[in-house]
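The structure under discussion appears below in the form of structure tokens.
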Amino acid sequence: MQCINNGRFVAKPVFVASCAVQEVEILIYDFLVIGGGISGASAAYELADAGTVLLLEAEQTMGYHSTGRSAALFTRNYGGPVVRQVNKASESFFRSPPVAFCDRPLLSPRGALTVAMPEHQGKLDALLSMSEPGEEVCLIDPTDAVAMVPFLRPERISRAVYEANATDIDVANLHLGYLKGAKAQGAKTLTSQPVSALSYQSGAWRIQTKDDQFAAATIINAGGAWADKIGTMAGARSIGLVPKRRTAIIINGPNGLDYGAMPLVDFAGFGAYIKPDAGKLMASPGDATATDPHDAWADDMDIAVLADRIEQETTIEVTRIAHSWAGLRSFVADDVPVVGFDPDVSGFFWLAGQGGYGIMMAPALAVITADLCLNRSVADKTSLVEGLSPHRLR
């Protein structure tokens with residue numbers, strides 16, 4: 001049996017073989033965040049100065065899955081209307097992070113070039129329609145596209161658009177800044193703590209892990225691909241979360257090119273892209289293979305198809321793959337994140353379904369999470385909060 005006593009769970013004495021077991025007190029945290037990726041770390045950071053916070057990560061290192069396998073680009077011209085709103089709201093944090101948050105800029109120039117064959121030209125119209133002052137997406141001549149990225153095959157480009165303001169995100173720096181900042185404000189972080197059971201008793205949550213048990217008034221479910229499983233443990237209805245595998249490889253590009261100044265290249269007809277990465281090239285087929293939550297790995301067939309596509313669209317010969325990996329991006333039916341308290345389960349907050357936008361949306365989603373958990377006014381972003389709410393899925 002348990003009861004609440006001055007902000008703690010108190011396990012009442014029981015008797016086994018006539019021997020009394022002593023009372024055990026468990027501190028009740030104000031907020032327990034499940035998942036140490038970018039979503040969980042940013043939420044812990046935004047909540048830590050307003051209450052006691054515990055961040056639990058199932059793996060041995062924070063951000064082991066999707067966050068640690070991301071090659072993120074920041075652009076406001078990506079995703080549907082709600083996602084673009086969140087991206088816009090995140091921009092000021094990326095460009096001017098808090099003092100002492102990090103020791104180098106979070107963004108660095110990159111640019112994004114999208115090219116298309118005749119049968120895929122229409123796909124560029126959607127990009128051009130997103131152009132706005134300060135975030136221009138411009139139609140450029142195919143010869144200019146080849147000048148930017150000399151390994152492209154001119155005969156494979158009939159139309160091209162360029163977004164100059166797209167920037168690289170220093171994901172490791174961002175994630176570390178959130179973790180360090182959360183701890184500096186008093187948050188506690190633990191790794192190797194997979195949650196095995198959840199129960200709500202006497203107005204507080206009890207959380208069982210492999211090695212320990214914890215208690216909290218509010219759970220923030222930032223479990224990534226595992227978020228629906230965590231919801232099930234809590235007695236919540238599924239949000240229909242589908243993890244999807246995304247493959248990536250590292251290859252050498254042609255010698256003599258300035259990869260630092262080269263933009264990301266997106267092939268509109270196929271979803272594949274190539275991005276300069278520390279003097280080499282990171283490439284992905286843009287795959288989105290539905291799967292169960294697991295420690296994802298690159299599929300040999302996906303790699304082979306990607307290598308063939310690269311050789312068709314560019315002059316690169318893929319003779320060696322220096323590294324390959326895969327990560328999981330998780331989506332609900334409308335491809336919009338799920339952020340808000342569960343409509344049916346007390347004290348259970350969803351921060352899930354970020355899809356392929358999780359890194360660039362993290363600052364704004366973390367602030368919205370803190371606003372809702374701390375009952376701060378969201379009058380200035382009512383429509384955005386409603387667009388993210390789990391209520392829309394019910």
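Starting from 1 in every chain, residues are counted up; chains themselves are A, B, ... following the order of the structure tokens, and ligands are numbered from 1 as listed.
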If DSSP is run on the backbone, what residues of range 115-356 of chain A are alpha helix (DSSP H)? A reply as number ranges by chain would be ideal. A: 123-129, 142-148, 171-184, 227-233, 300-313
I'd like a table as JSON lines: residues in range 147-228 of chain A with an atom no more than 6 Å from range 95-118 of chain A, each row giving the shortest atom pair and its distance in Å to one decimal, only C-alpha atoms counted, sorted by chain and rising residue number.
```
{"residue": "A:Arg156", "atom": "CA", "partner": "A:Met117", "partner_atom": "CA", "distance": 5.9}
{"residue": "A:Ile157", "atom": "CA", "partner": "A:Met117", "partner_atom": "CA", "distance": 5.2}
{"residue": "A:Ser158", "atom": "CA", "partner": "A:Met117", "partner_atom": "CA", "distance": 5.2}
{"residue": "A:Arg159", "atom": "CA", "partner": "A:Ala116", "partner_atom": "CA", "distance": 5.4}
{"residue": "A:Ala160", "atom": "CA", "partner": "A:Val115", "partner_atom": "CA", "distance": 4.4}
{"residue": "A:Val161", "atom": "CA", "partner": "A:Thr114", "partner_atom": "CA", "distance": 5.4}
{"residue": "A:Tyr162", "atom": "CA", "partner": "A:Leu113", "partner_atom": "CA", "distance": 4.6}
{"residue": "A:Glu163", "atom": "CA", "partner": "A:Ala112", "partner_atom": "CA", "distance": 5.2}
{"residue": "A:Ala164", "atom": "CA", "partner": "A:Gly111", "partner_atom": "CA", "distance": 4.5}
{"residue": "A:Asn165", "atom": "CA", "partner": "A:Gly111", "partner_atom": "CA", "distance": 5.8}
{"residue": "A:Ala166", "atom": "CA", "partner": "A:Gly111", "partner_atom": "CA", "distance": 4.6}
{"residue": "A:Thr167", "atom": "CA", "partner": "A:Arg110", "partner_atom": "CA", "distance": 4.8}
{"residue": "A:Asp168", "atom": "CA", "partner": "A:Ser108", "partner_atom": "CA", "distance": 5.3}
{"residue": "A:Ile169", "atom": "CA", "partner": "A:Leu107", "partner_atom": "CA", "distance": 4.9}
{"residue": "A:Asp170", "atom": "CA", "partner": "A:Leu106", "partner_atom": "CA", "distance": 5.1}
{"residue": "A:Gly177", "atom": "CA", "partner": "A:Phe101", "partner_atom": "CA", "distance": 5.2}
```
Applying 7 Å and only C-alpha atoms, which residues near range 242-248 of chain A remain after dropping the ones on its own chain fewer than 2 positions away? List them as a list in words.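 Here the answer would be Ala225, Gly240, Met282, Ala283, Ser284, Pro285, Gly286, Asp287, Ala288, Thr289, Ala290, Thr291, Asp292, Pro293, Ala298, Ser324, Trp325, Ala326, Gly327, Leu328, Arg329, Ser330, Phe331 and Val332 of chain A.
Straight-line separation from CA of Gly223 in chain A to CA of Ile368 in chain A: 17.4 Å.
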Filtered DSSP result for range 255-328 of chain A, state strand (DSSP E or B), as a PyMOL selection string: chain A and resi 264-267+273-277+280-284+289-290+314+321-328
Name all residues at most 6 Å from range 308-321 of chain A (count only C-alpha atoms; drop same-chain ones fewer than 5 positions away) and give them as a ChimeraX atom specification. /A:151-153,250-251
Find the residue from A:Lys280, A:Arg84, A:His294, A:Lys188 that sits nearest to Leu47 in chain A; use only C-alpha atoms when measuring.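 That would be A:Lys188, the residue with the smallest distance to Leu47 in chain A.
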Can you pull out the residues contacting range 355-364 of chain A? Cut-off 9 Å, using only C-alpha atoms, and skip same-chain residues under 3 positions away; I want them as a VMD selection string. chain A and resid 38 to 39 42 to 43 67 70 72 to 76 78 to 79 83 to 84 86 to 91 93 to 94 169 171 174 243 to 244 328 to 332 335 to 337 352 367 to 369
